[in-house]
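Dumped final12.cif below, it's mmCIF, C-alpha atoms:
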```cif
data_coords
#
loop_
_atom_site.label_atom_id
_atom_site.label_comp_id
_atom_site.auth_asym_id
_atom_site.auth_seq_id
_atom_site.Cartn_x
_atom_site.Cartn_y
_atom_site.Cartn_z
CA MET A 1 0.00 0.00 0.00
CA ALA A 2 2.87 2.38 0.78
CA ALA A 3 4.41 1.79 -2.65
CA LEU A 4 1.03 2.38 -4.35
CA ALA A 5 0.54 5.59 -2.37
CA ALA A 6 4.01 6.83 -3.33
CA LEU A 7 3.30 6.09 -7.00
CA LEU A 8 -0.03 7.91 -6.95
CA ILE A 9 1.47 10.92 -5.16
CA SER A 10 4.28 11.05 -7.75
CA PHE A 11 1.83 11.06 -10.66
CA VAL A 12 -0.33 13.75 -9.04
CA ALA A 13 2.71 15.90 -8.26
CA ILE A 14 4.12 15.63 -11.78
CA SER A 15 0.78 16.34 -13.46
CA THR A 16 0.19 19.34 -11.17
CA LEU A 17 3.65 20.92 -10.94
CA TRP A 18 5.14 20.04 -14.35
CA ARG A 19 2.91 21.87 -16.82
CA GLU A 20 5.49 22.79 -19.49
CA PRO A 21 8.58 21.14 -21.04
CA ARG A 22 11.69 21.61 -18.92
CA LEU A 23 14.08 19.21 -20.60
CA ARG A 24 15.94 20.37 -23.68
CA ALA A 25 18.10 18.39 -26.09
CA SER A 26 20.92 20.89 -25.48
CA ASP A 27 21.00 20.25 -21.70
CA GLY A 28 23.70 18.27 -19.92
CA ILE A 29 27.23 18.63 -18.57
CA PRO A 30 29.78 17.88 -21.34
CA LEU A 31 32.20 15.07 -20.55
CA PRO A 32 35.94 15.74 -20.84
CA ALA A 33 37.28 15.14 -24.34
CA PRO A 34 39.41 12.10 -23.33
CA VAL A 35 36.38 10.40 -21.73
CA ALA A 36 34.23 11.10 -24.78
CA ALA A 37 36.99 9.73 -27.02
CA VAL A 38 37.05 6.48 -25.04
CA LEU A 39 33.26 6.15 -25.27
CA ASP A 40 33.44 6.63 -29.04
CA SER A 41 36.42 4.32 -29.40
CA ARG A 42 36.10 1.39 -31.78
CA TRP A 43 38.46 -0.55 -29.53
CA LEU A 44 36.13 -0.21 -26.55
CA ARG A 45 33.33 -1.83 -28.54
CA LEU A 46 35.61 -4.57 -29.84
CA VAL A 47 36.81 -5.43 -26.33
CA ALA A 48 33.24 -5.41 -24.99
CA ARG A 49 32.08 -7.72 -27.80
CA LEU A 50 35.03 -10.05 -27.28
CA LEU A 51 34.34 -10.33 -23.55
CA ALA A 52 30.64 -10.95 -24.24
CA ALA A 53 31.55 -13.64 -26.79
CA LEU A 54 33.93 -15.36 -24.36
CA LEU A 55 31.30 -15.31 -21.61
CA THR A 56 28.75 -16.74 -24.04
CA VAL A 57 31.04 -19.60 -25.07
CA TRP A 58 31.89 -20.35 -21.43
CA THR A 59 28.18 -20.40 -20.55
CA LEU A 60 27.27 -22.67 -23.46
CA VAL A 61 30.04 -25.11 -22.54
CA ALA A 62 28.78 -25.21 -18.96
CA LEU A 63 25.23 -25.63 -20.25
CA VAL A 64 26.08 -28.58 -22.50
CA LEU A 65 28.87 -30.29 -20.57
CA GLY A 66 28.54 -29.06 -17.00
CA PRO A 67 26.98 -30.92 -14.07
CA ASP A 68 23.29 -30.49 -13.30
CA SER A 69 23.97 -29.22 -9.79
CA ALA A 70 24.18 -26.04 -7.76
CA ARG A 71 27.81 -25.67 -8.83
CA ASN A 72 26.82 -25.03 -12.44
CA PRO A 73 26.89 -21.26 -13.16
CA VAL A 74 24.34 -21.26 -16.00
CA PRO A 75 21.19 -20.45 -13.94
CA HIS A 76 23.08 -17.61 -12.26
CA VAL A 77 24.24 -16.26 -15.62
CA VAL A 78 20.75 -16.43 -17.15
CA TYR A 79 18.62 -15.18 -14.27
CA VAL A 80 21.06 -12.80 -12.55
CA TRP A 81 23.75 -11.58 -14.93
CA LEU A 82 21.63 -11.47 -18.09
CA TRP A 83 18.45 -10.19 -16.45
CA VAL A 84 19.38 -8.10 -13.42
CA GLY A 85 22.96 -7.31 -14.42
CA LEU A 86 21.93 -6.15 -17.89
CA ALA A 87 19.25 -3.93 -16.38
CA PHE A 88 21.70 -2.12 -14.09
CA ALA A 89 24.36 -1.88 -16.81
CA SER A 90 21.82 -0.35 -19.20
CA MET A 91 20.54 2.15 -16.64
CA LEU A 92 24.13 3.19 -15.95
CA LEU A 93 25.71 3.12 -19.41
CA GLY A 94 22.83 3.09 -21.88
CA PRO A 95 21.63 0.37 -24.29
CA VAL A 96 24.72 -1.83 -23.96
CA TRP A 97 23.12 -5.04 -25.26
CA ARG A 98 22.97 -3.56 -28.75
CA VAL A 99 26.77 -3.33 -28.65
CA ILE A 100 27.59 -6.71 -27.09
CA ASN A 101 24.67 -8.92 -28.22
CA PRO A 102 26.49 -12.14 -29.27
CA LEU A 103 23.69 -13.25 -31.61
CA ARG A 104 23.74 -9.91 -33.42
CA ALA A 105 27.52 -10.30 -33.77
CA LEU A 106 27.11 -13.89 -35.03
CA HIS A 107 24.54 -12.80 -37.61
CA ALA A 108 26.79 -9.96 -38.81
CA GLY A 109 29.77 -12.32 -38.98
CA LEU A 110 27.86 -14.88 -41.07
CA LEU A 111 26.78 -12.18 -43.51
CA ARG A 112 30.35 -10.94 -43.76
CA LEU A 113 31.64 -14.45 -44.45
CA ALA A 114 28.98 -14.91 -47.12
CA ARG A 115 29.97 -11.53 -48.62
CA VAL A 116 26.42 -10.23 -48.67
CA SER A 117 25.00 -6.89 -47.58
CA PRO A 118 24.57 -6.40 -43.80
CA ASP A 119 21.11 -5.05 -44.63
CA LEU A 120 20.01 -8.33 -46.23
CA ALA A 121 16.41 -9.25 -45.35
CA ALA A 122 13.94 -11.60 -47.00
CA LEU A 123 10.91 -9.65 -45.77
CA PRO A 124 10.30 -6.15 -44.42
CA TYR A 125 9.84 -5.98 -40.67
CA ARG A 126 6.48 -4.57 -39.54
CA TRP A 127 5.88 -6.04 -36.09
CA GLY A 128 7.36 -3.26 -33.98
CA LEU A 129 8.09 -4.29 -30.40
CA TRP A 130 5.40 -6.97 -30.24
CA PRO A 131 7.87 -9.92 -30.51
CA ALA A 132 9.97 -8.30 -27.78
CA ALA A 133 6.90 -7.99 -25.54
CA VAL A 134 6.08 -11.67 -26.07
CA GLY A 135 9.71 -12.66 -25.44
CA LEU A 136 9.97 -10.60 -22.26
CA GLY A 137 6.67 -11.97 -21.01
CA THR A 138 7.84 -15.53 -21.67
CA PHE A 139 11.15 -14.97 -19.92
CA THR A 140 9.42 -13.34 -16.95
CA TRP A 141 7.12 -16.34 -16.62
CA VAL A 142 10.07 -18.72 -16.90
CA GLU A 143 12.03 -16.89 -14.23
CA LEU A 144 9.22 -16.26 -11.73
CA VAL A 145 6.63 -18.98 -12.27
CA ALA A 146 7.91 -22.03 -14.14
CA GLU A 147 8.84 -25.04 -12.06
CA ASP A 148 12.29 -26.61 -12.28
CA ASN A 149 13.52 -23.56 -14.18
CA THR A 150 17.11 -24.00 -13.00
CA SER A 151 17.60 -27.56 -14.24
CA LEU A 152 20.01 -27.95 -17.13
CA GLY A 153 17.48 -29.86 -19.20
CA PHE A 154 15.01 -26.99 -18.96
CA LEU A 155 17.69 -24.38 -19.67
CA ARG A 156 19.05 -26.30 -22.66
CA VAL A 157 15.62 -26.24 -24.30
CA LEU A 158 15.12 -22.59 -23.38
CA VAL A 159 18.49 -21.40 -24.71
CA ALA A 160 18.31 -23.54 -27.86
CA ALA A 161 14.83 -22.23 -28.65
CA PHE A 162 15.90 -18.62 -28.12
CA ILE A 163 18.99 -18.96 -30.32
CA ALA A 164 17.00 -20.70 -33.07
CA LEU A 165 14.20 -18.11 -33.04
CA SER A 166 16.69 -15.22 -32.98
CA LEU A 167 18.69 -16.50 -35.94
CA LEU A 168 15.50 -17.35 -37.84
CA GLY A 169 14.14 -13.86 -37.21
CA ALA A 170 17.42 -12.31 -38.34
CA ALA A 171 17.50 -14.51 -41.45
CA VAL A 172 14.00 -13.40 -42.44
CA PHE A 173 13.92 -9.77 -41.28
CA GLY A 174 17.62 -8.88 -41.13
CA ARG A 175 19.06 -6.50 -38.56
CA ALA A 176 15.61 -5.06 -37.91
CA TRP A 177 14.85 -8.18 -35.88
CA PHE A 178 17.53 -7.34 -33.33
CA GLU A 179 16.69 -3.64 -33.33
CA GLN A 180 13.01 -4.18 -32.52
CA GLY A 181 12.09 -7.83 -32.06
CA ASP A 182 14.85 -9.01 -29.72
CA PRO A 183 13.50 -8.98 -26.13
CA PHE A 184 16.84 -8.29 -24.46
CA GLU A 185 17.71 -5.47 -26.83
CA ALA A 186 14.30 -3.93 -26.11
CA TRP A 187 14.84 -4.44 -22.36
CA SER A 188 18.28 -2.82 -22.54
CA ARG A 189 17.20 0.02 -24.83
CA LEU A 190 14.20 1.06 -22.77
CA LEU A 191 16.06 0.87 -19.47
CA GLY A 192 18.99 2.62 -21.13
CA LEU A 193 16.80 5.70 -21.50
CA LEU A 194 17.33 6.17 -17.76
CA SER A 195 21.11 6.35 -18.14
CA PRO A 196 22.85 9.54 -16.96
CA LEU A 197 25.07 9.23 -20.05
CA GLY A 198 23.74 10.64 -23.28
CA ARG A 199 24.38 12.78 -26.31
CA ARG A 200 23.24 16.34 -26.77
CA ASP A 201 21.65 17.46 -30.01
CA ASP A 202 25.12 18.53 -31.16
CA GLY A 203 26.44 14.97 -30.68
CA ARG A 204 28.59 15.62 -27.59
CA TRP A 205 28.61 13.15 -24.69
CA VAL A 206 27.07 14.64 -21.56
CA LEU A 207 25.96 13.79 -18.06
CA ARG A 208 22.24 14.42 -17.72
CA THR A 209 19.24 13.69 -15.55
CA PRO A 210 17.61 10.30 -16.31
CA LEU A 211 14.38 11.93 -17.49
CA HIS A 212 16.21 13.41 -20.47
CA GLY A 213 16.43 9.98 -22.08
CA VAL A 214 12.79 9.15 -21.44
CA ASN A 215 11.81 12.50 -22.91
CA GLY A 216 13.20 11.31 -26.25
CA LEU A 217 11.08 8.15 -26.37
CA ARG A 218 8.73 8.02 -29.34
CA GLY A 219 5.67 5.83 -29.75
CA GLN A 220 5.80 2.71 -31.90
CA ARG A 221 3.83 -0.46 -32.39
CA GLY A 222 4.07 -2.73 -29.35
CA LEU A 223 5.70 -0.15 -27.06
CA VAL A 224 2.88 -0.06 -24.51
CA PRO A 225 2.66 -3.87 -24.14
CA THR A 226 6.45 -4.08 -23.81
CA VAL A 227 6.58 -1.47 -21.06
CA ALA A 228 3.57 -3.09 -19.37
CA VAL A 229 5.33 -6.47 -19.33
CA MET A 230 8.49 -4.88 -17.92
CA LEU A 231 6.64 -3.04 -15.15
CA GLY A 232 4.38 -5.99 -14.39
CA GLY A 233 7.31 -8.39 -14.16
CA MET A 234 9.25 -6.10 -11.85
CA ALA A 235 6.18 -5.50 -9.69
CA TYR A 236 5.44 -9.23 -9.43
CA ASP A 237 9.07 -9.96 -8.63
CA GLY A 238 8.94 -7.40 -5.82
CA PHE A 239 6.18 -9.20 -3.92
#
```
Mind turning the file's structure into structure tokens?
Amino acid sequence: MAALAALLISFVAISTLWREPRLRASDGIPLPAPVAAVLDSRWLRLVARLLAALLTVWTLVALVLGPDSARNPVPHVVYVWLWVGLAFASMLLGPVWRVINPLRALHAGLLRLARVSPDLAALPYRWGLWPAAVGLGTFTWVELVAEDNTSLGFLRVLVAAFIALSLLGAAVFGRAWFEQGDPFEAWSRLLGLLSPLGRRDDGRWVLRTPLHGVNGLRGQRGLVPTVAVMLGGMAYDGF
């Protein structure tokens, strides 16, 4: 009841006291040039992707060959690092999963090996965030409701299905699948709007208030269901 009261008071206060726009795209404290250069560095992204790839391989080896016991790190990686850790990383640094997503990197690598355009797609993508909403809802149910969700047999089916669906979606719809249909990219992107790091309208890296990022959110198909699933899952997890 206290949490509900705080939420209602917040909405009433914002609707009453915040009657005109107060956040501008030119706001923010510019970061020092060396820090901005590191954030824009190609090497930083390469190192982040390499670490993500190594962690993915290590997790898959443990998933396939590891013991089905409490010593196996896979449930911890899936339900803590990927879910909670990614949320905090995104709220701190921005939409990091877009940069380090190993399946996006695998798809791009396969296209490069085949010497075809990175924009290759068999069909145009028109589903918006609806697949992401379904994926997030499924993962939330798996994490919070499903029985035996930490057994390796269950996780093998779960991970194999996710990889297969992701690569199939990318094969049919191209990069647009990851940009809109991937549940973890949607999770990271929406939470990344709360990051204190951002770019001004002139492209400079700045420190800003979290509401600046949310102020730039634009409506699209499936956005409301996706946000509803995120809020509902977090609320259910809190009880």
Can you tell me, as AutoDock Vina command-line options, the centre and edge lengths (Å, one decimal) of the axis-aligned box enclosing all of stretch 73-83 of chain A's listed atoms after padding each side by 5 Å?
```
--center_x 22.7 --center_y -15.7 --center_z -15.2 --size_x 18.4 --size_y 21.1 --size_z 15.8
```
Legend entry - Polymer residues at most 12 Å from A:Val145, all atoms listed in the file, same-chain spacing of 6 or more positions, as a PyMOL selection string: chain A and resi 137-139+233+236-237
Inset, instruction - Please write as number ranges by chain the full residue list that the PyMOL selection byres ((chain A and resi 121-126) around 10) yields on this file. - result: A: 117-120, 127-130, 169-177, 180-181, 221
Could you write out the selected residues, including C-alpha atoms, as a PDB file, in the coordinates of the input?
```
ATOM      1  CA  SER A 117      25.000  -6.890 -47.580  1.00  0.00           C
ATOM      2  CA  PRO A 118      24.570  -6.400 -43.800  1.00  0.00           C
ATOM      3  CA  ASP A 119      21.110  -5.050 -44.630  1.00  0.00           C
ATOM      4  CA  LEU A 120      20.010  -8.330 -46.230  1.00  0.00           C
ATOM      5  CA  TRP A 127       5.880  -6.040 -36.090  1.00  0.00           C
ATOM      6  CA  GLY A 128       7.360  -3.260 -33.980  1.00  0.00           C
ATOM      7  CA  LEU A 129       8.090  -4.290 -30.400  1.00  0.00           C
ATOM      8  CA  TRP A 130       5.400  -6.970 -30.240  1.00  0.00           C
ATOM      9  CA  GLY A 169      14.140 -13.860 -37.210  1.00  0.00           C
ATOM     10  CA  ALA A 170      17.420 -12.310 -38.340  1.00  0.00           C
ATOM     11  CA  ALA A 171      17.500 -14.510 -41.450  1.00  0.00           C
ATOM     12  CA  VAL A 172      14.000 -13.400 -42.440  1.00  0.00           C
ATOM     13  CA  PHE A 173      13.920  -9.770 -41.280  1.00  0.00           C
ATOM     14  CA  GLY A 174      17.620  -8.880 -41.130  1.00  0.00           C
ATOM     15  CA  ARG A 175      19.060  -6.500 -38.560  1.00  0.00           C
ATOM     16  CA  ALA A 176      15.610  -5.060 -37.910  1.00  0.00           C
ATOM     17  CA  TRP A 177      14.850  -8.180 -35.880  1.00  0.00           C
ATOM     18  CA  GLN A 180      13.010  -4.180 -32.520  1.00  0.00           C
ATOM     19  CA  GLY A 181      12.090  -7.830 -32.060  1.00  0.00           C
ATOM     20  CA  ARG A 221       3.830  -0.460 -32.390  1.00  0.00           C
TER      21      ARG A 221
END
```
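Of the listed residues A:Phe154, A:Trp205, A:Trp97, A:Phe184, the one whose atoms come nearest to A:Arg49 is A:Trp97, with distances taken using all atoms listed in the file.
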Inset, instruction - Return as a list in words the set of residues that the PyMOL selection byres ((chain A and resi 186) around 9) yields on the displayed structure. - result: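 Taken on the displayed file, the PyMOL selection byres ((chain A and resi 186) around 9) yields the residues Pro95, Trp97, Leu129, Ala132, Ala133, Leu136, Phe178, Glu179, Gln180, Gly181, Asp182, Pro183, Phe184, Glu185, Trp187, Ser188, Arg189, Leu190, Leu191 and Thr226 of chain A.
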Just the residues within 9 Å of stretch 56-70 of chain A, please, counting all atoms listed in the file, with nothing from its chain fewer than 6 positions along; format it as a PDB file with C-alpha atoms, keeping the file's coordinate frame.
```
ATOM      1  CA  VAL A  77      24.240 -16.260 -15.620  1.00  0.00           C
ATOM      2  CA  PRO A 102      26.490 -12.140 -29.270  1.00  0.00           C
ATOM      3  CA  THR A 150      17.110 -24.000 -13.000  1.00  0.00           C
ATOM      4  CA  SER A 151      17.600 -27.560 -14.240  1.00  0.00           C
ATOM      5  CA  LEU A 152      20.010 -27.950 -17.130  1.00  0.00           C
ATOM      6  CA  GLY A 153      17.480 -29.860 -19.200  1.00  0.00           C
ATOM      7  CA  LEU A 155      17.690 -24.380 -19.670  1.00  0.00           C
ATOM      8  CA  ARG A 156      19.050 -26.300 -22.660  1.00  0.00           C
ATOM      9  CA  VAL A 159      18.490 -21.400 -24.710  1.00  0.00           C
TER      10      VAL A 159
END
```
Inset, instruction - Could you list the residues chosen by the PyMOL selection byres ((chain A and resi 26-43) around 9) in this structure as a PyMOL selection string? - result: chain A and resi 23-25+44-48+198-202+204-209+212
Inset, instruction - In the coordinate frame of the file, compute which residues have an atom within 10 Å of (15.9, 6.7, -15.0) when using all atoms listed in the file, and state them as a VMD selection string. - result: chain A and resid 91 to 92 190 to 196 209 to 214
Legend entry - Two-atom distance - atom CA of A:Leu158, atom CA of A:His107 (Å): 19.7 Å
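Here the question is which of A:Val84, A:Val116, A:Met230, A:Val157 gets nearest to A:Gly135 using only C-alpha atoms, and that residue is A:Met230.
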Inset, instruction - One decimal, Å: what's the distance from atom CA of A:Leu51 over to atom CA of A:Pro131, could you say? - result: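 Distance reported for this atom pair: 27.4 Å.
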Inset, instruction - Just give me the gap between atom CA of A:Trp81 and atom CA of A:Arg104 in Å, one decimal is fine. - result: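 So the two atoms, atom CA of A:Trp81 and atom CA of A:Arg104, lie 18.6 Å apart.
Candidate residues A:Leu144, A:Ala89, A:Leu50, A:Ala164 were compared for distance to A:Ala235, and the nearest is A:Leu144, using only C-alpha atoms.
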Quick one: stretch 31-45 of chain A with N, CA and C atoms, as a compact mmCIF listing (two decimals), keeping the file's coordinate frame?
```txt
# COMPACT_ATOMS: atom_id res chain seq x y z
N LEU A 31 31.12 15.88 -21.09
CA LEU A 31 32.20 15.07 -20.55
C LEU A 31 33.53 15.55 -21.09
N PRO A 32 34.62 15.36 -20.33
CA PRO A 32 35.94 15.74 -20.84
C PRO A 32 36.24 15.03 -22.16
N ALA A 33 36.98 15.68 -23.01
CA ALA A 33 37.28 15.14 -24.34
C ALA A 33 37.90 13.75 -24.28
N PRO A 34 38.85 13.46 -23.36
CA PRO A 34 39.41 12.10 -23.33
C PRO A 34 38.37 11.03 -23.00
N VAL A 35 37.43 11.35 -22.09
CA VAL A 35 36.38 10.40 -21.73
C VAL A 35 35.46 10.17 -22.92
N ALA A 36 35.09 11.24 -23.60
CA ALA A 36 34.23 11.10 -24.78
C ALA A 36 34.93 10.29 -25.87
N ALA A 37 36.25 10.49 -26.01
CA ALA A 37 36.99 9.73 -27.02
C ALA A 37 36.98 8.24 -26.71
N VAL A 38 37.10 7.90 -25.43
CA VAL A 38 37.05 6.48 -25.04
C VAL A 38 35.68 5.90 -25.33
N LEU A 39 34.61 6.63 -25.02
CA LEU A 39 33.26 6.15 -25.27
C LEU A 39 33.00 5.93 -26.76
N ASP A 40 33.61 6.76 -27.59
CA ASP A 40 33.44 6.63 -29.04
C ASP A 40 34.44 5.66 -29.67
N SER A 41 35.34 5.14 -28.86
CA SER A 41 36.42 4.32 -29.40
C SER A 41 35.92 3.01 -29.99
N ARG A 42 36.42 2.68 -31.17
CA ARG A 42 36.10 1.39 -31.78
C ARG A 42 36.67 0.25 -30.96
N TRP A 43 37.82 0.49 -30.33
CA TRP A 43 38.46 -0.55 -29.53
C TRP A 43 37.63 -0.91 -28.31
N LEU A 44 36.98 0.08 -27.71
CA LEU A 44 36.13 -0.21 -26.55
C LEU A 44 35.01 -1.16 -26.94
N ARG A 45 34.40 -0.94 -28.08
CA ARG A 45 33.33 -1.83 -28.54
C ARG A 45 33.87 -3.21 -28.89
```
